[in-house]
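final37.txt follows (compact mmCIF, C-alpha atoms and all ligand atoms):
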# COMPACT_ATOMS: atom_id res chain seq x y z
CA MET A 10 33.06 91.05 10.52
CA HIS A 11 29.51 90.79 9.16
CA ILE A 12 29.06 87.45 7.42
CA GLY A 13 26.10 86.52 5.22
CA VAL A 14 24.99 83.03 4.21
CA LEU A 15 22.84 82.66 1.09
CA LYS A 16 20.59 79.78 0.15
CA GLU A 17 22.08 77.96 -2.84
CA ALA A 18 20.28 78.92 -6.02
CA VAL A 19 21.44 76.30 -8.55
CA ALA A 20 19.64 73.02 -9.17
CA ARG A 21 20.87 69.90 -7.35
CA GLU A 22 22.79 71.89 -4.72
CA ARG A 23 21.63 70.88 -1.25
CA ARG A 24 24.67 72.02 0.71
CA VAL A 25 25.01 75.21 2.71
CA ALA A 26 28.28 77.09 3.20
CA LEU A 27 28.01 77.55 6.99
CA VAL A 28 26.26 75.18 9.41
CA PRO A 29 24.94 76.28 12.84
CA ASP A 30 28.04 75.01 14.73
CA ALA A 31 30.24 77.12 12.46
CA VAL A 32 27.99 80.15 13.03
CA ALA A 33 28.30 79.69 16.80
CA ARG A 34 32.08 79.68 16.51
CA LEU A 35 32.07 82.90 14.46
CA VAL A 36 29.61 84.64 16.78
CA LYS A 37 31.75 83.65 19.78
CA ALA A 38 34.71 85.30 18.07
CA GLY A 39 32.72 88.54 17.73
CA ASP A 40 31.37 88.26 14.16
CA THR A 41 27.76 89.03 13.18
CA VAL A 42 26.06 86.42 10.98
CA THR A 43 22.94 86.86 8.82
CA VAL A 44 21.50 83.71 7.23
CA GLU A 45 18.95 83.70 4.42
CA ARG A 46 15.73 82.02 5.52
CA GLY A 47 15.80 78.29 4.67
CA ALA A 48 19.48 78.35 3.63
CA GLY A 49 20.28 75.15 5.54
CA ALA A 50 16.97 73.34 5.07
CA ALA A 51 18.10 71.02 2.25
CA ALA A 52 21.11 70.03 4.37
CA CYS A 53 18.88 69.35 7.40
CA PHE A 54 19.77 72.52 9.34
CA THR A 55 16.71 74.51 10.50
CA ASP A 56 16.40 78.27 10.81
CA ASP A 57 15.84 77.71 14.54
CA ALA A 58 19.22 75.98 14.82
CA TYR A 59 20.90 79.00 13.19
CA THR A 60 19.03 81.37 15.50
CA ALA A 61 20.12 79.32 18.53
CA ALA A 62 23.70 79.57 17.25
CA GLY A 63 23.45 83.36 17.29
CA ALA A 64 22.58 84.16 13.66
CA THR A 65 19.85 86.50 12.42
CA ILE A 66 17.47 84.90 9.90
CA SER A 67 16.57 87.24 7.08
CA ASP A 68 15.82 87.55 3.38
CA ALA A 69 18.45 87.18 0.64
CA ARG A 70 18.95 90.93 0.30
CA ALA A 71 19.87 91.37 3.97
CA ALA A 72 22.19 88.33 3.91
CA ALA A 73 23.83 89.63 0.72
CA ALA A 74 24.44 93.02 2.36
CA ALA A 75 27.03 91.55 4.75
CA ASN A 76 30.64 92.46 4.03
CA ILE A 77 31.55 88.79 3.49
CA VAL A 78 29.08 86.40 1.85
CA CYS A 79 29.63 82.63 2.08
CA LYS A 80 28.24 80.31 -0.57
CA VAL A 81 28.93 76.85 -1.95
CA GLN A 82 28.49 77.59 -5.66
CA ARG A 83 29.59 80.82 -7.31
CA PRO A 84 26.93 83.57 -7.21
CA THR A 85 24.31 83.65 -9.96
CA ASP A 86 23.75 86.89 -11.86
CA ALA A 87 20.64 87.56 -9.72
CA GLU A 88 22.73 87.17 -6.56
CA VAL A 89 25.48 89.40 -7.90
CA ASP A 90 22.87 92.14 -8.36
CA LEU A 91 22.18 91.99 -4.60
CA PHE A 92 25.79 92.59 -3.57
CA PRO A 93 26.88 96.13 -2.66
CA ALA A 94 30.21 97.14 -4.27
CA GLY A 95 33.10 95.95 -2.12
CA THR A 96 31.46 92.67 -1.03
CA VAL A 97 33.83 89.74 -0.58
CA VAL A 98 32.33 86.38 -1.57
CA ILE A 99 33.76 83.05 -0.46
CA ALA A 100 32.59 80.27 -2.80
CA LEU A 101 33.65 77.78 -5.43
CA ALA A 102 34.34 79.57 -8.74
CA GLY A 103 33.39 76.44 -10.70
CA ARG A 104 34.42 75.48 -14.19
CA GLU A 105 34.23 77.87 -17.17
CA ALA A 106 34.23 80.74 -14.72
CA THR A 107 35.63 83.52 -16.93
CA ALA A 108 32.33 85.31 -17.72
CA ALA A 109 31.11 84.98 -14.13
CA LEU A 110 34.38 86.39 -12.79
CA GLU A 111 34.10 89.33 -15.16
CA THR A 112 30.55 90.04 -13.91
CA LEU A 113 31.77 89.94 -10.30
CA ALA A 114 34.64 92.27 -11.14
CA ALA A 115 32.26 94.68 -12.92
CA HIS A 116 30.19 94.84 -9.70
CA GLN A 117 33.38 95.37 -7.67
CA VAL A 118 32.82 92.10 -5.86
CA THR A 119 35.90 90.09 -4.82
CA LEU A 120 35.65 86.31 -5.02
CA LEU A 121 37.83 84.14 -2.82
CA ALA A 122 37.71 81.02 -4.99
CA LEU A 123 37.76 77.98 -2.77
CA GLU A 124 39.26 75.63 -5.34
CA ARG A 125 42.35 77.83 -5.48
CA VAL A 126 43.38 77.12 -1.89
CA PRO A 127 46.99 75.99 -2.28
CA ARG A 128 47.89 72.40 -1.46
CA THR A 129 50.11 73.18 1.48
CA THR A 130 50.04 71.87 5.03
CA ARG A 131 48.99 75.30 6.34
CA ALA A 132 46.06 75.47 3.93
CA GLN A 133 44.88 71.89 4.40
CA ALA A 134 42.11 72.81 6.87
CA MET A 135 40.64 75.23 4.27
CA ASP A 136 40.71 72.78 1.38
CA VAL A 137 37.12 72.13 0.30
CA LEU A 138 38.24 70.09 -2.72
CA SER A 139 39.67 67.53 -0.32
CA SER A 140 36.79 67.54 2.15
CA GLN A 141 34.20 67.22 -0.61
CA ALA A 142 36.21 64.57 -2.48
CA THR A 143 36.10 62.47 0.69
CA VAL A 144 32.31 62.57 0.48
CA ALA A 145 32.33 61.79 -3.26
CA GLY A 146 34.60 58.75 -2.88
CA TYR A 147 32.52 57.33 -0.06
CA LYS A 148 29.22 57.85 -1.87
CA ALA A 149 30.58 56.43 -5.14
CA ALA A 150 31.39 53.15 -3.38
CA LEU A 151 27.88 53.00 -1.92
CA ILE A 152 26.26 53.75 -5.29
CA GLY A 153 28.38 51.03 -6.90
CA ALA A 154 27.56 48.52 -4.17
CA SER A 155 23.85 49.18 -4.43
CA ALA A 156 23.83 48.94 -8.25
CA LEU A 157 25.61 45.56 -8.24
CA PRO A 158 23.41 42.50 -8.59
CA ARG A 159 25.61 40.74 -6.04
CA PHE A 160 27.08 41.10 -2.53
CA LEU A 161 30.38 42.85 -2.01
CA PRO A 162 31.62 40.68 0.89
CA MET A 163 32.32 36.99 0.92
CA LEU A 164 29.39 35.21 2.56
CA THR A 165 29.13 31.70 3.87
CA THR A 166 25.47 30.86 4.31
CA ALA A 167 23.21 27.81 4.51
CA ALA A 168 22.34 28.65 0.92
CA GLY A 169 25.93 28.32 -0.17
CA SER A 170 29.16 30.33 -0.18
CA LEU A 171 29.42 33.52 -2.17
CA ILE A 172 32.71 34.92 -3.36
CA PRO A 173 33.48 38.61 -2.71
CA ALA A 174 33.16 41.20 -5.45
CA LYS A 175 36.32 42.50 -7.13
CA VAL A 176 36.58 46.27 -7.12
CA LEU A 177 39.00 48.41 -9.17
CA VAL A 178 39.49 52.04 -8.17
CA LEU A 179 41.19 54.24 -10.79
CA GLY A 180 42.80 57.41 -9.48
CA ALA A 181 43.97 57.22 -5.87
CA GLY A 182 43.71 60.86 -4.78
CA VAL A 183 41.39 61.92 -1.99
CA ALA A 184 38.19 60.53 -3.56
CA GLY A 185 39.85 57.34 -4.81
CA LEU A 186 41.43 56.51 -1.45
CA GLN A 187 38.07 57.00 0.26
CA ALA A 188 36.39 54.79 -2.36
CA ILE A 189 39.04 52.13 -1.68
CA ALA A 190 38.57 52.35 2.10
CA THR A 191 34.77 52.22 1.81
CA SER A 192 34.76 49.31 -0.65
CA ARG A 193 37.14 47.42 1.65
CA ARG A 194 34.87 48.07 4.65
CA LEU A 195 31.98 46.65 2.64
CA GLY A 196 34.01 43.51 2.04
CA GLY A 197 35.12 43.90 -1.58
CA VAL A 198 38.51 42.70 -2.79
CA VAL A 199 39.99 45.99 -3.91
CA THR A 200 42.71 46.96 -6.37
CA GLY A 201 43.72 50.58 -6.83
CA PHE A 202 45.67 52.44 -9.48
CA ASP A 203 47.13 55.90 -9.95
CA VAL A 204 49.85 57.26 -12.20
CA ARG A 205 51.59 59.05 -9.32
CA ALA A 206 54.24 56.91 -7.65
CA ALA A 207 53.37 58.33 -4.20
CA ALA A 208 49.82 56.99 -4.48
CA ALA A 209 50.95 53.34 -4.65
CA GLU A 210 52.06 53.33 -1.02
CA GLU A 211 48.76 54.89 0.09
CA VAL A 212 46.76 52.27 -1.81
CA LEU A 213 48.76 49.45 -0.21
CA SER A 214 48.42 51.01 3.25
CA LEU A 215 44.63 50.70 2.94
CA GLY A 216 44.98 46.96 2.40
CA ALA A 217 44.23 47.09 -1.33
CA LYS A 218 46.39 45.72 -4.13
CA PHE A 219 48.12 48.12 -6.49
CA LEU A 220 47.58 47.49 -10.20
CA ALA A 221 50.61 47.58 -12.45
CA PRO A 222 53.43 49.38 -10.60
CA GLU A 223 55.21 49.35 -14.00
CA ALA A 224 52.61 51.77 -15.39
CA VAL A 225 53.37 54.40 -12.74
CA ALA A 226 55.15 57.46 -14.10
CA GLU A 227 58.04 58.82 -12.06
CA ASP A 228 57.32 62.33 -13.33
CA ALA A 229 53.47 62.19 -13.14
CA SER A 230 53.25 64.61 -10.22
CA ALA A 231 52.86 68.31 -10.96
CA ALA A 232 52.89 71.17 -8.46
CA GLY A 233 50.79 70.61 -5.34
CA GLY A 234 50.70 66.84 -5.66
CA TYR A 235 48.29 66.88 -8.61
CA ALA A 236 48.79 64.71 -11.66
CA LYS A 237 49.66 66.10 -15.08
CA GLU A 238 48.69 64.87 -18.52
CA LEU A 239 50.61 61.79 -19.61
CA ALA A 240 52.87 61.38 -22.61
CA ALA A 241 51.40 59.11 -25.31
CA ASP A 242 53.57 56.05 -24.56
CA GLN A 243 52.86 56.37 -20.84
CA GLN A 244 49.13 56.66 -21.53
CA ARG A 245 49.36 53.44 -23.62
CA ARG A 246 51.02 51.61 -20.69
CA VAL A 247 48.27 52.78 -18.33
CA LEU A 248 45.49 51.70 -20.73
CA ALA A 249 47.13 48.32 -21.28
CA ALA A 250 47.30 47.73 -17.52
CA ILE A 251 43.62 48.61 -17.06
CA ASP A 252 42.65 46.55 -20.10
CA GLY A 253 44.42 43.53 -18.66
CA ALA A 254 42.56 43.75 -15.36
CA ILE A 255 39.12 45.12 -16.07
CA ALA A 256 37.39 41.97 -17.36
CA ALA A 257 37.79 40.32 -13.95
CA MET A 258 36.25 43.26 -12.07
CA ASP A 259 32.67 43.48 -10.80
CA LEU A 260 32.81 47.15 -9.84
CA VAL A 261 35.03 49.92 -11.22
CA ILE A 262 35.08 53.29 -9.48
CA SER A 263 36.99 55.85 -11.52
CA THR A 264 38.15 59.13 -9.99
CA ALA A 265 41.12 60.14 -12.18
CA ALA A 266 41.41 63.88 -12.74
CA ILE A 267 43.88 66.49 -13.93
CA PRO A 268 43.19 70.01 -12.66
CA GLY A 269 41.80 72.34 -15.32
CA LYS A 270 41.72 69.60 -17.98
CA PRO A 271 39.09 67.12 -19.18
CA ALA A 272 39.19 63.83 -17.26
CA PRO A 273 41.71 61.35 -18.72
CA ARG A 274 40.06 58.57 -20.76
CA LEU A 275 40.96 55.32 -19.04
CA ILE A 276 38.07 52.97 -19.90
CA THR A 277 37.27 52.47 -23.57
CA THR A 278 34.06 51.01 -25.00
CA ALA A 279 36.03 47.88 -25.98
CA MET A 280 37.09 47.43 -22.34
CA VAL A 281 33.49 47.78 -21.14
CA GLU A 282 32.47 45.14 -23.69
CA ARG A 283 34.96 42.71 -22.13
CA MET A 284 33.38 43.12 -18.68
CA LYS A 285 30.91 40.55 -17.35
CA PRO A 286 27.17 41.28 -17.52
CA GLY A 287 26.07 42.77 -14.19
CA SER A 288 29.32 44.69 -13.73
CA VAL A 289 29.08 48.33 -12.71
CA ILE A 290 31.20 51.40 -13.42
CA VAL A 291 30.77 54.50 -11.24
CA ASP A 292 32.51 57.37 -12.99
CA VAL A 293 33.19 60.05 -10.37
CA ALA A 294 34.96 62.07 -13.09
CA ALA A 295 31.65 62.47 -15.00
CA GLU A 296 31.58 66.18 -14.21
CA THR A 297 34.71 66.78 -16.29
CA GLY A 298 33.74 64.45 -19.13
CA GLY A 299 34.30 61.07 -17.49
CA ASN A 300 37.09 58.50 -17.35
CA CYS A 301 34.91 56.07 -19.31
CA GLU A 302 34.14 56.58 -22.97
CA LEU A 303 30.49 55.59 -22.39
CA THR A 304 29.81 57.92 -19.47
CA ARG A 305 26.99 60.40 -19.87
CA PRO A 306 27.23 63.02 -17.12
CA GLY A 307 24.23 62.83 -14.82
CA GLU A 308 22.90 59.65 -16.44
CA THR A 309 23.07 55.88 -16.09
CA VAL A 310 23.85 53.98 -19.27
CA GLU A 311 23.46 50.23 -19.84
CA HIS A 312 25.87 48.79 -22.37
CA ARG A 313 25.83 45.06 -23.08
CA GLY A 314 24.85 44.26 -19.50
CA VAL A 315 27.28 46.70 -17.91
CA THR A 316 25.87 49.67 -15.97
CA VAL A 317 27.83 52.92 -16.38
CA ILE A 318 26.82 55.54 -13.81
CA GLY A 319 27.93 59.17 -14.25
CA PRO A 320 26.92 60.92 -11.03
CA LEU A 321 27.07 64.70 -10.68
CA ASN A 322 27.69 66.67 -7.48
CA LEU A 323 28.01 63.67 -5.17
CA PRO A 324 28.80 65.83 -2.11
CA SER A 325 25.36 67.44 -2.42
CA THR A 326 23.74 64.01 -2.00
CA MET A 327 25.22 63.81 1.52
CA ALA A 328 24.50 67.45 2.26
CA LEU A 329 24.58 67.28 6.05
CA HIS A 330 28.13 66.02 6.52
CA ALA A 331 29.36 67.61 3.30
CA SER A 332 28.14 71.01 4.59
CA GLN A 333 29.65 70.40 8.01
CA MET A 334 33.06 69.74 6.44
CA PHE A 335 32.68 72.59 3.95
CA ALA A 336 31.74 74.98 6.79
CA ARG A 337 34.77 73.93 8.84
CA ASN A 338 36.98 74.78 5.85
CA VAL A 339 35.24 78.16 5.41
CA VAL A 340 35.49 79.06 9.11
CA THR A 341 39.22 78.32 9.09
CA LEU A 342 39.54 80.65 6.10
CA LEU A 343 37.48 83.36 7.84
CA GLU A 344 39.78 83.07 10.85
CA LEU A 345 42.71 83.63 8.49
CA VAL A 346 41.29 86.88 7.06
CA ARG A 347 40.02 88.23 10.41
CA LYS A 348 42.57 90.69 11.84
CA ASP A 349 41.55 92.42 15.10
CA GLY A 350 37.90 91.66 14.33
CA LYS A 351 38.02 93.14 10.82
CA LEU A 352 38.29 91.61 7.35
CA VAL A 353 41.79 92.13 5.92
CA LEU A 354 42.72 90.56 2.57
CA ASP A 355 46.48 90.42 2.93
CA LEU A 356 47.88 89.72 -0.53
CA ALA A 357 51.25 88.94 1.01
CA ASP A 358 49.64 85.77 2.37
CA ASP A 359 50.10 82.94 -0.15
CA ILE A 360 46.64 81.49 0.56
CA VAL A 361 44.75 84.80 0.12
CA LYS A 362 46.83 85.68 -2.92
CA ALA A 363 46.07 82.35 -4.62
CA MET A 364 42.34 82.62 -3.86
CA VAL A 365 41.85 86.10 -5.31
CA GLY A 366 43.84 85.05 -8.36
CA GLU A 367 46.47 87.80 -8.00
P1 LIG A 401 42.54 64.97 -8.29
O1 LIG A 401 41.11 64.96 -7.86
O2 LIG A 401 43.04 66.11 -9.10
O3 LIG A 401 42.82 63.62 -9.11
C1 LIG A 401 42.46 62.38 -8.63
C2 LIG A 401 43.57 61.38 -8.89
O4 LIG A 401 43.61 61.02 -10.28
C3 LIG A 401 44.97 61.89 -8.55
O5 LIG A 401 45.52 61.08 -7.53
C4 LIG A 401 45.73 61.76 -9.86
O6 LIG A 401 47.09 61.40 -9.67
C5 LIG A 401 44.95 60.68 -10.58
N1 LIG A 401 45.17 60.58 -12.02
C6 LIG A 401 45.31 61.58 -12.93
N2 LIG A 401 45.50 61.07 -14.18
C7 LIG A 401 45.47 59.71 -14.04
C8 LIG A 401 45.60 58.63 -14.97
N3 LIG A 401 45.80 58.85 -16.27
N4 LIG A 401 45.53 57.39 -14.48
C9 LIG A 401 45.32 57.16 -13.15
N5 LIG A 401 45.19 58.12 -12.24
C10 LIG A 401 45.27 59.40 -12.68
O7 LIG A 401 43.52 64.81 -7.06
P2 LIG A 401 43.28 64.99 -5.51
O8 LIG A 401 42.54 63.83 -4.99
O9 LIG A 401 42.67 66.30 -5.28
O10 LIG A 401 44.76 64.99 -4.87
C11 LIG A 401 45.92 64.66 -5.54
C12 LIG A 401 47.08 64.67 -4.55
O11 LIG A 401 47.16 65.87 -3.79
C13 LIG A 401 47.04 63.58 -3.52
O12 LIG A 401 48.36 63.11 -3.36
C14 LIG A 401 46.64 64.24 -2.26
O13 LIG A 401 47.09 63.55 -1.09
C15 LIG A 401 47.31 65.56 -2.41
N6 LIG A 401 46.64 66.58 -1.58
C16 LIG A 401 47.40 67.40 -0.81
C17 LIG A 401 46.78 68.36 -0.02
C18 LIG A 401 47.57 69.29 0.86
O14 LIG A 401 48.75 69.09 1.02
N7 LIG A 401 46.94 70.33 1.40
C19 LIG A 401 45.39 68.48 -0.03
C20 LIG A 401 44.65 67.62 -0.84
C21 LIG A 401 45.30 66.67 -1.62
Mind turning this structure into structure tokens?
Ligand code: NAD
Amino acid sequence: MHIGVLKEAVARERRVALVPDAVARLVKAGDTVTVERGAGAAACFTDDAYTAAGATISDARAAAAANIVCKVQRPTDAEVDLFPAGTVVIALAGREATAALETLAAHQVTLLALERVPRTTRAQAMDVLSSQATVAGYKAALIGASALPRFLPMLTTAAGSLIPAKVLVLGAGVAGLQAIATSRRLGGVVTGFDVRAAAAEEVLSLGAKFLAPEAVAEDASAAGGYAKELAADQQRRVLAAIDGAIAAMDLVISTAAIPGKPAPRLITTAMVERMKPGSVIVDVAAETGGNCELTRPGETVEHRGVTVIGPLNLPSTMALHASQMFARNVVTLLELVRKDGKLVLDLADDIVKAMVGE
């Protein structure tokens, strides 16, 4: 197979789809890899490292001429123009993708959309949503800790004893569980919450408390372990539980999401106004509208002494490890579609079928 790697074209995207180690693995398996000059630079991978791994460094046109092109973000219109008909692109499709997908189809380019990898055990090693959510949860805890005007851990010093910060993590999926683990490692006293019953056990297993088991919905899980939108009375129970706990919290990290829908609103302005001055909210769901009513995606808002942070593309801020994990997912996918050294998109395979949207 001939695999191309393009430099990411959109703002704030520092990741690269394949790192040198991944290239070496593909080359060893008999693939040819062409990398656009500087593609890994923002993620700390030099052209020399790609060359040493067996890749050819070239311009975008040569990298786009491969039969499979790997990217993080979906191709821009300018990139689509570079692709010969029949190119297969592996990338995230992103939100509001309809027009972009139509452009790709018009150019006879097939997109294997990485967010459509099914949530099955076999597909787990190809699941970029999970690997990147791990990065987001970790980074959210660090951002929260550094924005707080206080320590996270309990400290006993000659200058007095300091009590640990209280941290509430809303949504205990991949990002939320990582935010819980990271906040615990930093010494915070952590409480987690999720509407899915299965998440409660995972929160407790990390040594955190679970907020309001009575607000968990037995039927909150949809296909693939994702949550679904809540009925109105259930939503009221969830909001009441958060309302009852939030005023005591120093840091709230919210990660609640429902696939294909706007983020559920879990933190109202009235709740924020009950929080202590100096408290911090890190809204990991900012990209899909935010879990907090006051979140402005990509901005930091101060409201009556409370800092509300709405970070975008957290994985890109840790581009080295995020790319390494992303690349491992992509290589596993490439190994799935490589049959006797050639690219074969077998639509009888549930993973391939889901990714091409058939
Ligand atoms: P996600 O990013 O879609 O959502 C984050 C969390 O928000 C979820 O846990 C969800 O239940 C929660 N949430 C939604 N609405 C909420 C509300 N109103 N209040 C509180 N919480 C709310 O989810 P995710 O992190 O991608 O994963 C969800 C589940 O899928 C997890 O159980 C995870 O272990 C599982 N998973 C399975 C696989 C696999 O089998 N291959 C891979 C990844 C994740």
Using only C-alpha atoms and all ligand atoms, which residues of the polymer chains come no farther than 7 Å from ligand LIG 401 (chain A)? I'd like the answer as a CSV table (one decimal) with C-alpha atoms, in the coordinates of the input.
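Result written to selection_36.csv:
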chain,number,residue,atom,x,y,z
A,127,PRO,CA,47.0,76.0,-2.3
A,128,ARG,CA,47.9,72.4,-1.5
A,129,THR,CA,50.1,73.2,1.5
A,130,THR,CA,50.0,71.9,5.0
A,132,ALA,CA,46.1,75.5,3.9
A,133,GLN,CA,44.9,71.9,4.4
A,136,ASP,CA,40.7,72.8,1.4
A,138,LEU,CA,38.2,70.1,-2.7
A,139,SER,CA,39.7,67.5,-0.3
A,142,ALA,CA,36.2,64.6,-2.5
A,179,LEU,CA,41.2,54.2,-10.8
A,180,GLY,CA,42.8,57.4,-9.5
A,181,ALA,CA,44.0,57.2,-5.9
A,182,GLY,CA,43.7,60.9,-4.8
A,183,VAL,CA,41.4,61.9,-2.0
A,184,ALA,CA,38.2,60.5,-3.6
A,185,GLY,CA,39.8,57.3,-4.8
A,202,PHE,CA,45.7,52.4,-9.5
A,203,ASP,CA,47.1,55.9,-10.0
A,204,VAL,CA,49.8,57.3,-12.2
A,205,ARG,CA,51.6,59.0,-9.3
A,207,ALA,CA,53.4,58.3,-4.2
A,208,ALA,CA,49.8,57.0,-4.5
A,230,SER,CA,53.2,64.6,-10.2
A,233,GLY,CA,50.8,70.6,-5.3
A,234,GLY,CA,50.7,66.8,-5.7
A,235,TYR,CA,48.3,66.9,-8.6
A,236,ALA,CA,48.8,64.7,-11.7
A,237,LYS,CA,49.7,66.1,-15.1
A,238,GLU,CA,48.7,64.9,-18.5
A,239,LEU,CA,50.6,61.8,-19.6
A,244,GLN,CA,49.1,56.7,-21.5
A,247,VAL,CA,48.3,52.8,-18.3
A,264,THR,CA,38.2,59.1,-10.0
A,265,ALA,CA,41.1,60.1,-12.2
A,266,ALA,CA,41.4,63.9,-12.7
A,267,ILE,CA,43.9,66.5,-13.9
A,268,PRO,CA,43.2,70.0,-12.7
A,273,PRO,CA,41.7,61.4,-18.7
A,275,LEU,CA,41.0,55.3,-19.0
* **Within 9 Å of region 120-124 of chain A using all atoms listed in the file, minus same-chain residues under 5 positions, as a ChimeraX atom specification** => /A:81,83,96-103,110,113-114,135-138,339,361,363-366
Mind running region 143-257 of chain A against region 308-326 of chain A at 12 Å and telling me each contacting residue's nearest atom pair with the distance in Å (one decimal), counting all atoms listed in the file, chain and number ascending, as a Markdown table?
| residue | atom | partner | partner_atom | distance |
| --- | --- | --- | --- | --- |
| A:Thr143 | CA | A:Pro324 | CA | 8.5 |
| A:Val144 | CA | A:Pro324 | CA | 5.4 |
| A:Ala145 | CA | A:Leu323 | CA | 5.1 |
| A:Gly146 | CA | A:Leu323 | CA | 8.5 |
| A:Tyr147 | CA | A:Leu323 | CA | 9.3 |
| A:Lys148 | CA | A:Leu323 | CA | 6.8 |
| A:Ala149 | CA | A:Leu323 | CA | 7.7 |
| A:Ala150 | CA | A:Leu323 | CA | 11.2 |
| A:Leu151 | CA | A:Leu323 | CA | 11.2 |
| A:Ile152 | CA | A:Ile318 | CA | 8.7 |
| A:Gly153 | CA | A:Ile318 | CA | 8.4 |
| A:Ala154 | CA | A:Ile318 | CA | 11.9 |
| A:Ser155 | CA | A:Ile318 | CA | 11.7 |
| A:Ala156 | CA | A:Thr316 | CA | 8.0 |
| A:Leu157 | CA | A:Thr316 | CA | 8.8 |
| A:Pro158 | CA | A:Thr316 | CA | 10.6 |
| A:Ala184 | CA | A:Leu323 | CA | 10.8 |
| A:Ala256 | CA | A:Val315 | CA | 11.2 |
* Residues around (20.4, 75.0, 5.7), cut-off 12 Å, counting all atoms listed in the file - what are they as a PyMOL selection string? -> chain A and resi 14-17+22-30+32+44-60+66+80-81+328-333+336
* Selected residue, from A:Asp355, A:Gly39, A:Thr297, A:Ser140, that lies nearest to Phe335 (chain A) when counting only C-alpha atoms ->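 For Phe335 (chain A), the nearest of the given residues is A:Ser140.
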* Of the listed residues A:Phe92, A:Glu282, A:Asp86, A:Leu177, that which approaches Ala109 (chain A) most closely, counting all atoms listed in the file ->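 Of A:Phe92, A:Glu282, A:Asp86, A:Leu177, the one nearest Ala109 (chain A) is A:Asp86, counting all atoms listed in the file.
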